[in-house]
$ cat target_7.csv   # CSV, C-alpha atoms
chain,number,residue,atom,x,y,z
E,36,ILE,CA,-68.2,42.3,-248.8
E,37,GLN,CA,-70.1,44.0,-246.0
E,38,TRP,CA,-73.0,46.5,-246.2
E,39,LYS,CA,-71.4,48.9,-243.8
E,40,PHE,CA,-68.7,49.4,-246.4
E,41,ILE,CA,-71.0,49.2,-249.5
E,42,GLU,CA,-73.1,52.2,-248.4
E,43,PRO,CA,-70.3,54.8,-248.1
E,44,TYR,CA,-68.6,53.6,-251.3
E,45,SER,CA,-71.9,53.7,-253.2
E,46,TYR,CA,-71.9,57.4,-252.8
E,47,TYR,CA,-68.4,57.6,-254.2
E,48,ILE,CA,-69.5,55.4,-257.2
E,49,ILE,CA,-72.5,57.7,-257.8
E,50,GLY,CA,-70.1,60.7,-258.0
E,51,PHE,CA,-67.7,58.6,-260.2
E,52,ALA,CA,-70.5,57.6,-262.6
E,53,LEU,CA,-71.8,61.2,-262.8
E,54,GLY,CA,-68.2,62.3,-263.6
E,55,VAL,CA,-67.9,59.8,-266.4
E,56,TYR,CA,-71.2,60.9,-267.9
E,57,CYS,CA,-70.3,64.6,-267.7
E,58,ASN,CA,-66.9,63.9,-269.2
E,59,MET,CA,-68.6,62.0,-272.1
E,60,LYS,CA,-71.0,64.9,-272.7
E,61,SER,CA,-68.2,67.4,-272.5
E,62,LEU,CA,-66.1,65.6,-275.1
E,63,SER,CA,-69.1,65.3,-277.4
E,64,LEU,CA,-69.7,69.1,-277.3
E,65,SER,CA,-66.2,70.5,-277.1
E,66,ASN,CA,-62.6,69.2,-277.3
E,67,VAL,CA,-60.1,67.5,-275.1
E,68,GLU,CA,-58.3,70.6,-273.9
E,69,THR,CA,-61.6,72.1,-272.7
E,70,VAL,CA,-62.1,69.1,-270.3
E,71,ILE,CA,-58.5,69.3,-269.2
E,72,VAL,CA,-58.7,73.0,-268.4
E,73,PHE,CA,-61.8,72.5,-266.3
E,74,LYS,CA,-60.1,69.6,-264.5
E,75,ALA,CA,-57.2,72.0,-264.0
E,76,LEU,CA,-59.6,74.3,-262.2
E,77,SER,CA,-60.7,71.5,-259.8
E,78,PRO,CA,-57.8,71.9,-257.3
E,79,CYS,CA,-59.1,75.4,-256.6
E,80,VAL,CA,-62.5,74.0,-255.6
E,81,VAL,CA,-61.0,71.0,-253.8
E,82,SER,CA,-58.7,73.3,-251.7
E,83,PHE,CA,-61.8,74.9,-250.2
E,84,LEU,CA,-63.3,71.5,-249.5
E,85,ASP,CA,-60.1,70.4,-248.0
E,86,ALA,CA,-60.2,73.3,-245.5
E,87,ILE,CA,-63.9,73.1,-244.8
E,88,PHE,CA,-64.4,69.4,-244.5
E,89,LEU,CA,-61.1,67.6,-244.3
E,90,GLY,CA,-59.2,69.5,-241.6
E,91,ARG,CA,-56.6,71.2,-243.8
E,92,GLU,CA,-55.3,74.7,-243.5
E,93,TYR,CA,-56.2,77.0,-246.3
E,94,PRO,CA,-53.4,77.2,-248.9
E,95,SER,CA,-50.4,79.4,-248.3
E,96,ARG,CA,-49.7,82.6,-250.2
E,97,ARG,CA,-47.5,80.7,-252.6
E,98,SER,CA,-50.1,78.0,-253.2
E,99,TRP,CA,-52.8,80.7,-253.7
E,100,MET,CA,-50.6,82.2,-256.3
E,101,ALA,CA,-50.1,78.8,-258.0
E,102,LEU,CA,-53.9,78.3,-258.0
E,103,GLY,CA,-54.3,81.8,-259.4
E,104,LEU,CA,-52.0,80.9,-262.3
E,105,ILE,CA,-54.2,77.9,-263.0
E,106,VAL,CA,-57.3,80.1,-263.1
E,107,LEU,CA,-55.5,82.7,-265.3
E,108,GLY,CA,-54.4,80.0,-267.7
E,109,ALA,CA,-57.9,78.6,-267.9
E,110,LEU,CA,-59.3,82.1,-268.6
E,111,GLY,CA,-56.6,82.6,-271.3
E,112,TYR,CA,-57.5,79.3,-272.8
E,113,ALA,CA,-61.2,80.2,-273.0
E,114,GLY,CA,-60.3,83.4,-274.9
E,115,HIS,CA,-58.6,81.4,-277.6
E,116,ASP,CA,-60.9,78.5,-277.8
E,117,ALA,CA,-62.8,78.2,-281.1
E,118,LYS,CA,-65.7,76.4,-279.4
E,119,PHE,CA,-66.1,79.3,-276.9
E,120,GLN,CA,-66.0,81.9,-279.7
E,121,SER,CA,-68.6,80.1,-281.8
E,122,GLN,CA,-70.9,78.6,-279.1
E,123,GLY,CA,-70.3,80.8,-276.1
E,124,THR,CA,-71.0,79.4,-272.7
E,125,ALA,CA,-73.0,76.5,-274.2
E,126,ALA,CA,-69.7,74.7,-274.9
E,127,TYR,CA,-68.8,75.0,-271.2
E,128,GLN,CA,-72.0,73.9,-269.4
E,129,TRP,CA,-71.1,70.2,-269.2
E,130,PRO,CA,-67.4,70.8,-268.5
E,131,PHE,CA,-68.6,73.0,-265.6
E,132,CYS,CA,-70.8,70.2,-264.3
E,133,TYR,CA,-67.7,67.9,-264.6
E,134,LEU,CA,-65.7,70.3,-262.5
E,135,LEU,CA,-68.2,70.2,-259.7
E,136,VAL,CA,-68.6,66.5,-259.8
E,137,ILE,CA,-64.9,65.7,-260.0
E,138,SER,CA,-64.2,68.1,-257.1
E,139,PHE,CA,-66.8,66.2,-254.9
E,140,GLU,CA,-65.3,62.9,-255.9
E,141,MET,CA,-61.7,64.0,-255.0
E,142,ALA,CA,-62.8,65.3,-251.6
E,143,TYR,CA,-65.2,62.5,-250.7
E,144,GLY,CA,-62.6,59.8,-251.8
E,145,LYS,CA,-60.2,61.2,-249.3
E,146,SER,CA,-62.8,61.3,-246.5
E,147,LEU,CA,-63.6,57.6,-247.2
E,148,LEU,CA,-60.0,56.6,-246.4
E,149,LYS,CA,-60.2,58.6,-243.2
E,150,SER,CA,-63.6,57.4,-242.0
E,151,VAL,CA,-63.9,53.9,-243.4
E,152,ASP,CA,-61.3,51.4,-242.1
E,153,LEU,CA,-60.9,48.6,-244.6
E,154,LYS,CA,-57.5,47.6,-243.1
E,155,THR,CA,-56.1,46.5,-246.5
E,156,GLN,CA,-55.0,48.4,-249.7
E,157,SER,CA,-57.2,46.1,-251.7
E,158,GLY,CA,-60.4,47.1,-249.9
E,159,PRO,CA,-61.1,50.4,-251.8
E,160,VAL,CA,-60.1,48.8,-255.1
E,161,VAL,CA,-62.4,45.9,-254.7
E,162,TYR,CA,-65.4,47.9,-253.5
E,163,THR,CA,-65.1,50.6,-256.2
E,164,ASN,CA,-64.6,48.1,-259.0
E,165,LEU,CA,-67.4,45.9,-258.0
E,166,LEU,CA,-69.8,48.8,-257.3
E,167,GLY,CA,-68.7,50.4,-260.6
E,168,ILE,CA,-69.8,47.5,-262.8
E,169,PRO,CA,-73.6,48.4,-262.9
E,170,PRO,CA,-73.2,52.0,-263.9
E,171,MET,CA,-70.6,51.1,-266.5
E,172,MET,CA,-72.9,48.5,-268.0
E,173,MET,CA,-75.7,51.1,-268.0
E,174,PHE,CA,-73.4,53.5,-270.0
E,175,ALA,CA,-72.6,50.8,-272.4
E,176,ALA,CA,-76.3,50.2,-273.0
E,177,MET,CA,-76.9,53.9,-273.4
E,178,GLY,CA,-74.2,54.0,-276.1
E,179,ASN,CA,-75.6,50.9,-277.9
E,180,GLU,CA,-72.3,49.1,-277.4
E,181,TYR,CA,-73.9,45.7,-276.9
E,182,GLY,CA,-75.8,46.0,-280.1
E,183,ARG,CA,-72.7,47.1,-282.0
E,184,PHE,CA,-70.6,44.3,-280.5
E,185,SER,CA,-73.2,41.8,-281.4
E,186,GLN,CA,-73.5,43.2,-285.0
E,187,ASP,CA,-69.7,43.3,-285.5
E,188,HIS,CA,-68.6,40.1,-283.8
E,189,LEU,CA,-71.4,37.7,-282.8
E,190,LEU,CA,-73.9,37.7,-285.7
E,191,VAL,CA,-73.4,34.8,-288.1
E,192,SER,CA,-74.3,35.3,-291.7
E,193,SER,CA,-73.9,33.2,-294.8
E,194,ASN,CA,-71.0,34.1,-297.0
E,195,GLY,CA,-72.5,32.5,-300.1
E,196,ASN,CA,-71.0,29.1,-299.9
E,197,GLY,CA,-73.4,27.6,-297.4
E,198,ASN,CA,-71.0,27.8,-294.5
E,199,GLY,CA,-71.8,30.0,-291.5
E,200,SER,CA,-69.1,32.5,-290.6
E,201,SER,CA,-68.9,35.5,-288.4
E,202,ASP,CA,-68.7,38.9,-290.0
E,203,ALA,CA,-65.7,39.9,-288.0
E,204,SER,CA,-64.0,37.5,-285.6
E,205,ILE,CA,-62.2,38.8,-282.6
E,206,SER,CA,-58.5,38.5,-283.1
E,207,ALA,CA,-56.0,37.2,-280.6
E,208,ILE,CA,-54.3,40.6,-280.3
E,209,ALA,CA,-57.6,42.1,-279.2
E,210,TYR,CA,-57.8,39.6,-276.3
E,211,VAL,CA,-54.2,40.5,-275.4
E,212,LEU,CA,-54.9,44.2,-275.5
E,213,LEU,CA,-58.0,43.6,-273.3
E,214,PHE,CA,-56.0,41.7,-270.8
E,215,LEU,CA,-53.3,44.4,-270.7
E,216,GLY,CA,-56.0,47.0,-270.3
E,217,CYS,CA,-57.4,45.1,-267.3
E,218,VAL,CA,-53.9,44.8,-265.8
E,219,ALA,CA,-53.2,48.5,-266.3
E,220,GLY,CA,-56.6,49.5,-264.9
E,221,THR,CA,-56.0,47.3,-261.8
E,222,GLY,CA,-52.6,48.9,-261.3
E,223,ILE,CA,-54.1,52.4,-261.6
E,224,GLY,CA,-56.7,51.5,-259.0
E,225,TYR,CA,-54.2,50.4,-256.5
E,226,SER,CA,-51.7,53.2,-257.1
E,227,SER,CA,-54.4,55.9,-257.1
E,228,TRP,CA,-55.9,54.8,-253.7
E,229,TRP,CA,-52.5,54.4,-252.2
E,230,CYS,CA,-51.5,57.9,-253.4
E,231,ARG,CA,-54.8,59.3,-252.2
E,232,GLY,CA,-54.0,58.1,-248.7
E,233,MET,CA,-50.5,59.6,-248.7
E,234,VAL,CA,-51.4,63.2,-249.7
E,235,SER,CA,-54.2,65.7,-249.3
E,236,ALA,CA,-57.3,65.7,-251.6
E,237,THR,CA,-56.0,68.9,-253.3
E,238,SER,CA,-52.5,67.5,-253.9
E,239,PHE,CA,-54.0,64.3,-255.3
E,240,THR,CA,-56.2,66.3,-257.6
E,241,LEU,CA,-53.1,68.2,-258.8
E,242,ILE,CA,-51.2,65.0,-259.5
E,243,GLY,CA,-54.1,64.0,-261.8
E,244,VAL,CA,-53.8,67.4,-263.6
E,245,MET,CA,-50.1,67.0,-264.1
E,246,ASN,CA,-50.7,63.6,-265.7
E,247,LYS,CA,-52.8,65.3,-268.4
E,248,CYS,CA,-49.6,66.8,-269.9
E,249,LEU,CA,-49.1,63.6,-271.8
E,250,THR,CA,-52.7,63.6,-272.9
E,251,ILE,CA,-52.2,67.1,-274.4
E,252,LEU,CA,-49.1,66.1,-276.2
E,253,LEU,CA,-50.8,63.0,-277.7
E,254,ASN,CA,-53.8,65.1,-278.7
E,255,ILE,CA,-51.6,67.6,-280.6
E,256,LEU,CA,-49.7,64.8,-282.3
E,257,VAL,CA,-52.7,62.6,-283.3
E,258,TRP,CA,-55.8,64.8,-283.7
E,259,ASP,CA,-56.5,68.0,-285.5
E,260,GLN,CA,-59.2,69.2,-283.0
E,261,HIS,CA,-56.9,71.0,-280.6
E,262,ALA,CA,-56.5,74.5,-279.4
E,263,PRO,CA,-54.4,77.2,-281.2
E,264,PRO,CA,-50.8,77.8,-279.9
E,265,LEU,CA,-51.9,80.6,-277.5
E,266,GLY,CA,-54.6,78.3,-276.1
E,267,ILE,CA,-52.0,75.6,-275.6
E,268,ALA,CA,-49.7,78.1,-273.9
E,269,SER,CA,-52.5,79.1,-271.5
E,270,LEU,CA,-53.1,75.5,-270.7
E,271,ALA,CA,-49.3,75.1,-270.0
E,272,LEU,CA,-49.6,78.0,-267.6
E,273,CYS,CA,-52.3,76.0,-265.7
E,274,LEU,CA,-49.8,73.1,-265.4
E,275,VAL,CA,-47.0,75.4,-264.2
E,276,GLY,CA,-49.3,76.7,-261.5
E,277,GLY,CA,-50.1,73.2,-260.5
E,278,SER,CA,-46.4,72.3,-260.2
E,279,LEU,CA,-45.8,75.4,-257.9
E,280,TYR,CA,-48.5,74.3,-255.4
E,281,ARG,CA,-47.4,73.2,-251.9
E,282,GLN,CA,-49.7,71.0,-249.8
E,283,ALA,CA,-51.5,72.7,-247.0
E,284,PRO,CA,-50.8,71.2,-243.5
E,285,LEU,CA,-53.4,69.8,-241.3
E,286,ARG,CA,-55.0,72.0,-238.6
E,287,LYS,CA,-53.9,71.2,-235.0
E,288,ASP,CA,-57.4,70.0,-234.1
E,289,ALA,CA,-57.4,67.7,-237.1
E,290,VAL,CA,-54.0,66.3,-236.2
E,291,LYS,CA,-55.3,65.4,-232.7
E,292,ALA,CA,-58.5,63.9,-234.2
E,293,GLU,CA,-56.5,61.8,-236.7
E,294,ALA,CA,-54.2,60.6,-233.9
E,295,THR,CA,-57.2,59.6,-231.8
E,296,ILE,CA,-58.7,57.7,-234.7
E,297,GLN,CA,-55.4,55.9,-235.4
E,298,VAL,CA,-55.1,54.8,-231.8
E,299,ALA,CA,-58.7,53.5,-231.9
E,300,GLN,CA,-58.0,51.6,-235.1
E,301,ASP,CA,-54.8,50.1,-233.7
E,302,SER,CA,-56.6,49.0,-230.6
E,303,SER,CA,-59.3,47.4,-232.6
E,304,VAL,CA,-56.8,45.4,-234.7
E,305,ALA,CA,-55.0,44.3,-231.5
E,306,PHE,CA,-58.2,43.2,-229.9
E,307,GLU,CA,-59.1,41.2,-233.0
E,308,LEU,CA,-55.7,39.5,-233.0
E,309,GLU,CA,-56.0,38.7,-229.3
E,310,GLU,CA,-59.4,37.2,-229.9
E,311,GLY,CA,-58.1,35.1,-232.8
E,312,GLU,CA,-55.1,33.8,-230.7
E,313,GLY,CA,-57.5,33.0,-227.8
E,314,GLY,CA,-59.7,31.0,-230.2
E,315,VAL,CA,-56.7,29.1,-231.5
E,316,GLU,CA,-55.5,28.3,-227.9
E,317,SER,CA,-58.9,27.2,-226.7
E,318,SER,CA,-59.4,24.9,-229.7
E,319,SER,CA,-55.9,23.4,-229.3
E,320,SER,CA,-56.4,22.8,-225.6
E,321,SER,CA,-59.7,21.0,-226.2

$ encode --input "target_7.csv" --output "structure tokens"
Amino acid sequence: IQWKFIEPYSYYIIGFALGVYCNMKSLSLSNVETVIVFKALSPCVVSFLDAIFLGREYPSRRSWMALGLIVLGALGYAGHDAKFQSQGTAAYQWPFCYLLVISFEMAYGKSLLKSVDLKTQSGPVVYTNLLGIPPMMMFAAMGNEYGRFSQDHLLVSSNGNGNGSSDASISAIAYVLLFLGCVAGTGIGYSSWWCRGMVSATSFTLIGVMNKCLTILLNILVWDQHAPPLGIASLALCLVGGSLYRQAPLRKDAVKAEATIQVAQDSSVAFELEEGEGGVESSSSS
């Protein structure tokens, strides 16, 4: 763990924590589809950030049309959303904040991989998970999760026969599910940072939007707080637009800059290997 890596990744964690908070507030004031639609709008914002800050060309005509379908679907959804009709724009204030924060997070995460050389795939996962612990603990305290956990599982009370017993013991299946959740979360961390390094920030954002298809289906099957059929169709139009998008290429100047950075990084690695081999030889000769 080095400070020169902690500082840039701290900014990413700040954006991540703000995104989680805005997402929580959005879900408390609206429904799941509203959050998904605003996330579906995020590729439009990230495409501009890609072109302005990350050296990409602006999207092609086909890709602009695809992004336009996403916007059209989002507008169609808003017209059929009961929350919008009853609360107006108040139901969309926190989702709009979530849109801005998630767009920053997607673009800045890509810039981290280009500017911070951690040399291993585990580096981004380790730093983001370690730095993410304090804000997650803070959110747990804000939601009174520690108090509820203590009340449900840790407080010991008398059951009338003089023996102390817990109100609700934690079952073995709960520990198994917790372990599986940790394994799945670690896998998501590795796969997401690997994927982020392979594609542009806009494409990575679109991949996340496509993954929300399953969320929509589960929401329709499990909960009753989902949009009407026309709203769902509008959301499907957003996802169709996302599937039609094609990644914008790097600008020529950005290609040259990335090649220069790669050569510098390879030279640095080679120099470190030579130093290590020289140290081994000198120690063996002595």

$ residues_around --input "target_7.csv" --residues "range 85-96 of chain E" --least-positions-apart "3" --cutoff "7 Å" --atoms "all atoms listed in the file" --output "list of chain:residue names"
E:Val81, E:Ser82, E:Trp99, E:Met100, E:Ala142, E:Ser146, E:Ala236, E:Thr237, E:Ala283, E:Pro284, E:Leu285, E:Arg286, E:Ala289

$ closest_residue --input "target_7.csv" --among "E:Phe174, E:Tyr162, E:Trp228, E:Phe139" --to "Pro78 in chain E" --atoms "all atoms listed in the file"
E:Phe139

$ closest_residue --input "target_7.csv" --among "E:Ala75, E:Tyr46, E:Ala126, E:Phe40" --to "Gly276 in chain E" --atoms "only C-alpha atoms"
E:Ala75

$ atom_distance --input "target_7.csv" --atom1 "CA of Ala113 in chain E" --atom2 "CA of Leu62 in chain E"
15.5 Å

$ residues_around --input "target_7.csv" --residues "Val55 in chain E" --least-positions-apart "4" --cutoff "10 Å" --atoms "all atoms listed in the file" --output "list in words"
Ile49, Gly50, Phe51, Met59, Lys60, Ser61, Tyr133, Val136, Ile137, Pro170, Met171 and Phe174 of chain E

$ closest_residue --input "target_7.csv" --among "E:Val257, E:Val275, E:Leu265, E:Met141" --to "Phe239 in chain E" --atoms "all atoms listed in the file"
E:Met141

$ closest_residue --input "target_7.csv" --among "E:Gln156, E:Ser226, E:Ser185, E:Ser63" --to "Pro130 in chain E" --atoms "all atoms listed in the file"
E:Ser63

$ closest_residue --input "target_7.csv" --among "E:Trp258, E:Lys247, E:Asn164, E:Leu213" --to "Phe73 in chain E" --atoms "all atoms listed in the file"
E:Lys247

$ closest_residue --input "target_7.csv" --among "E:Val211, E:Cys132, E:Ile168, E:Leu76" --to "Ile105 in chain E" --atoms "all atoms listed in the file"
E:Leu76

$ atom_distance --input "target_7.csv" --atom1 "CA of Gly277 in chain E" --atom2 "CA of Ser65 in chain E"
23.3 Å

$ atom_distance --input "target_7.csv" --atom1 "CA of Leu272 in chain E" --atom2 "CA of Gly243 in chain E"
15.8 Å

$ decode --input "target_7.csv" --residues "range 70-96 of chain E" --atoms "N, CA, C and O atoms" --output "CSV table (one decimal), in the first residue's frame"
chain,number,residue,atom,x,y,z
E,70,VAL,N,-34.3,4.6,-11.4
E,70,VAL,CA,-32.8,4.6,-11.3
E,70,VAL,C,-32.2,3.9,-12.5
E,70,VAL,O,-31.1,4.4,-13.0
E,71,ILE,N,-32.8,2.9,-13.0
E,71,ILE,CA,-32.2,2.2,-14.2
E,71,ILE,C,-32.2,3.1,-15.4
E,71,ILE,O,-31.3,3.2,-16.2
E,72,VAL,N,-33.3,3.9,-15.6
E,72,VAL,CA,-33.4,4.8,-16.7
E,72,VAL,C,-32.3,5.9,-16.6
E,72,VAL,O,-31.7,6.2,-17.6
E,73,PHE,N,-32.1,6.4,-15.5
E,73,PHE,CA,-31.1,7.5,-15.3
E,73,PHE,C,-29.7,6.9,-15.5
E,73,PHE,O,-28.8,7.6,-16.1
E,74,LYS,N,-29.5,5.6,-15.1
E,74,LYS,CA,-28.2,5.0,-15.4
E,74,LYS,C,-28.1,4.8,-16.9
E,74,LYS,O,-27.0,4.8,-17.5
E,75,ALA,N,-29.3,4.5,-17.6
E,75,ALA,CA,-29.2,4.3,-19.0
E,75,ALA,C,-28.9,5.6,-19.8
E,75,ALA,O,-28.4,5.5,-20.9
E,76,LEU,N,-29.1,6.7,-19.1
E,76,LEU,CA,-28.7,8.0,-19.7
E,76,LEU,C,-27.2,8.3,-19.5
E,76,LEU,O,-26.7,9.1,-20.2
E,77,SER,N,-26.6,7.6,-18.6
E,77,SER,CA,-25.2,7.9,-18.3
E,77,SER,C,-24.2,7.7,-19.5
E,77,SER,O,-23.3,8.5,-19.6
E,78,PRO,N,-24.4,6.7,-20.4
E,78,PRO,CA,-23.5,6.7,-21.5
E,78,PRO,C,-23.5,7.9,-22.4
E,78,PRO,O,-22.5,8.3,-23.0
E,79,CYS,N,-24.6,8.7,-22.4
E,79,CYS,CA,-24.7,9.9,-23.2
E,79,CYS,C,-23.7,10.9,-22.6
E,79,CYS,O,-22.9,11.6,-23.3
E,80,VAL,N,-23.7,11.0,-21.3
E,80,VAL,CA,-22.8,11.9,-20.6
E,80,VAL,C,-21.3,11.4,-20.7
E,80,VAL,O,-20.4,12.2,-21.0
E,81,VAL,N,-21.1,10.1,-20.5
E,81,VAL,CA,-19.8,9.6,-20.5
E,81,VAL,C,-19.2,9.7,-21.9
E,81,VAL,O,-17.9,9.9,-22.0
E,82,SER,N,-20.0,9.6,-22.9
E,82,SER,CA,-19.4,9.8,-24.3
E,82,SER,C,-18.7,11.1,-24.5
E,82,SER,O,-17.7,11.2,-25.1
E,83,PHE,N,-19.3,12.2,-23.9
E,83,PHE,CA,-18.7,13.5,-24.0
E,83,PHE,C,-17.4,13.5,-23.1
E,83,PHE,O,-16.4,14.1,-23.5
E,84,LEU,N,-17.5,13.0,-21.9
E,84,LEU,CA,-16.3,12.9,-21.1
E,84,LEU,C,-15.2,12.1,-21.8
E,84,LEU,O,-14.0,12.4,-21.7
E,85,ASP,N,-15.6,11.0,-22.5
E,85,ASP,CA,-14.6,10.2,-23.2
E,85,ASP,C,-13.9,11.1,-24.2
E,85,ASP,O,-12.7,10.9,-24.4
E,86,ALA,N,-14.6,11.9,-25.0
E,86,ALA,CA,-14.0,12.7,-26.0
E,86,ALA,C,-13.2,13.9,-25.5
E,86,ALA,O,-12.2,14.2,-26.0
E,87,ILE,N,-13.7,14.5,-24.4
E,87,ILE,CA,-13.0,15.7,-23.9
E,87,ILE,C,-11.8,15.3,-23.1
E,87,ILE,O,-10.7,16.0,-23.2
E,88,PHE,N,-11.9,14.3,-22.3
E,88,PHE,CA,-10.8,14.0,-21.3
E,88,PHE,C,-10.0,12.7,-21.6
E,88,PHE,O,-8.8,12.6,-21.1
E,89,LEU,N,-10.5,11.8,-22.3
E,89,LEU,CA,-9.9,10.5,-22.4
E,89,LEU,C,-9.4,10.1,-23.8
E,89,LEU,O,-9.0,9.0,-24.1
E,90,GLY,N,-9.4,11.1,-24.7
E,90,GLY,CA,-8.8,10.9,-26.0
E,90,GLY,C,-9.6,10.1,-27.0
E,90,GLY,O,-9.0,9.7,-28.0
E,91,ARG,N,-10.9,10.0,-26.8
E,91,ARG,CA,-11.7,9.2,-27.8
E,91,ARG,C,-12.3,10.2,-28.8
E,91,ARG,O,-12.4,11.4,-28.6
E,92,GLU,N,-12.6,9.7,-30.0
E,92,GLU,CA,-13.4,10.4,-31.0
E,92,GLU,C,-14.8,10.6,-30.4
E,92,GLU,O,-15.2,9.8,-29.6
E,93,TYR,N,-15.5,11.5,-30.9
E,93,TYR,CA,-16.9,11.6,-30.6
E,93,TYR,C,-17.7,10.4,-31.3
E,93,TYR,O,-17.2,9.9,-32.3
E,94,PRO,N,-18.8,10.0,-30.8
E,94,PRO,CA,-19.5,8.8,-31.4
E,94,PRO,C,-19.8,9.0,-32.8
E,94,PRO,O,-20.0,10.1,-33.3
E,95,SER,N,-19.9,7.9,-33.6
E,95,SER,CA,-20.3,8.0,-35.0
E,95,SER,C,-21.8,8.3,-35.1
E,95,SER,O,-22.5,8.3,-34.1
E,96,ARG,N,-22.2,8.4,-36.3
E,96,ARG,CA,-23.6,8.7,-36.5
E,96,ARG,C,-24.5,7.6,-36.0
E,96,ARG,O,-25.6,7.8,-35.4
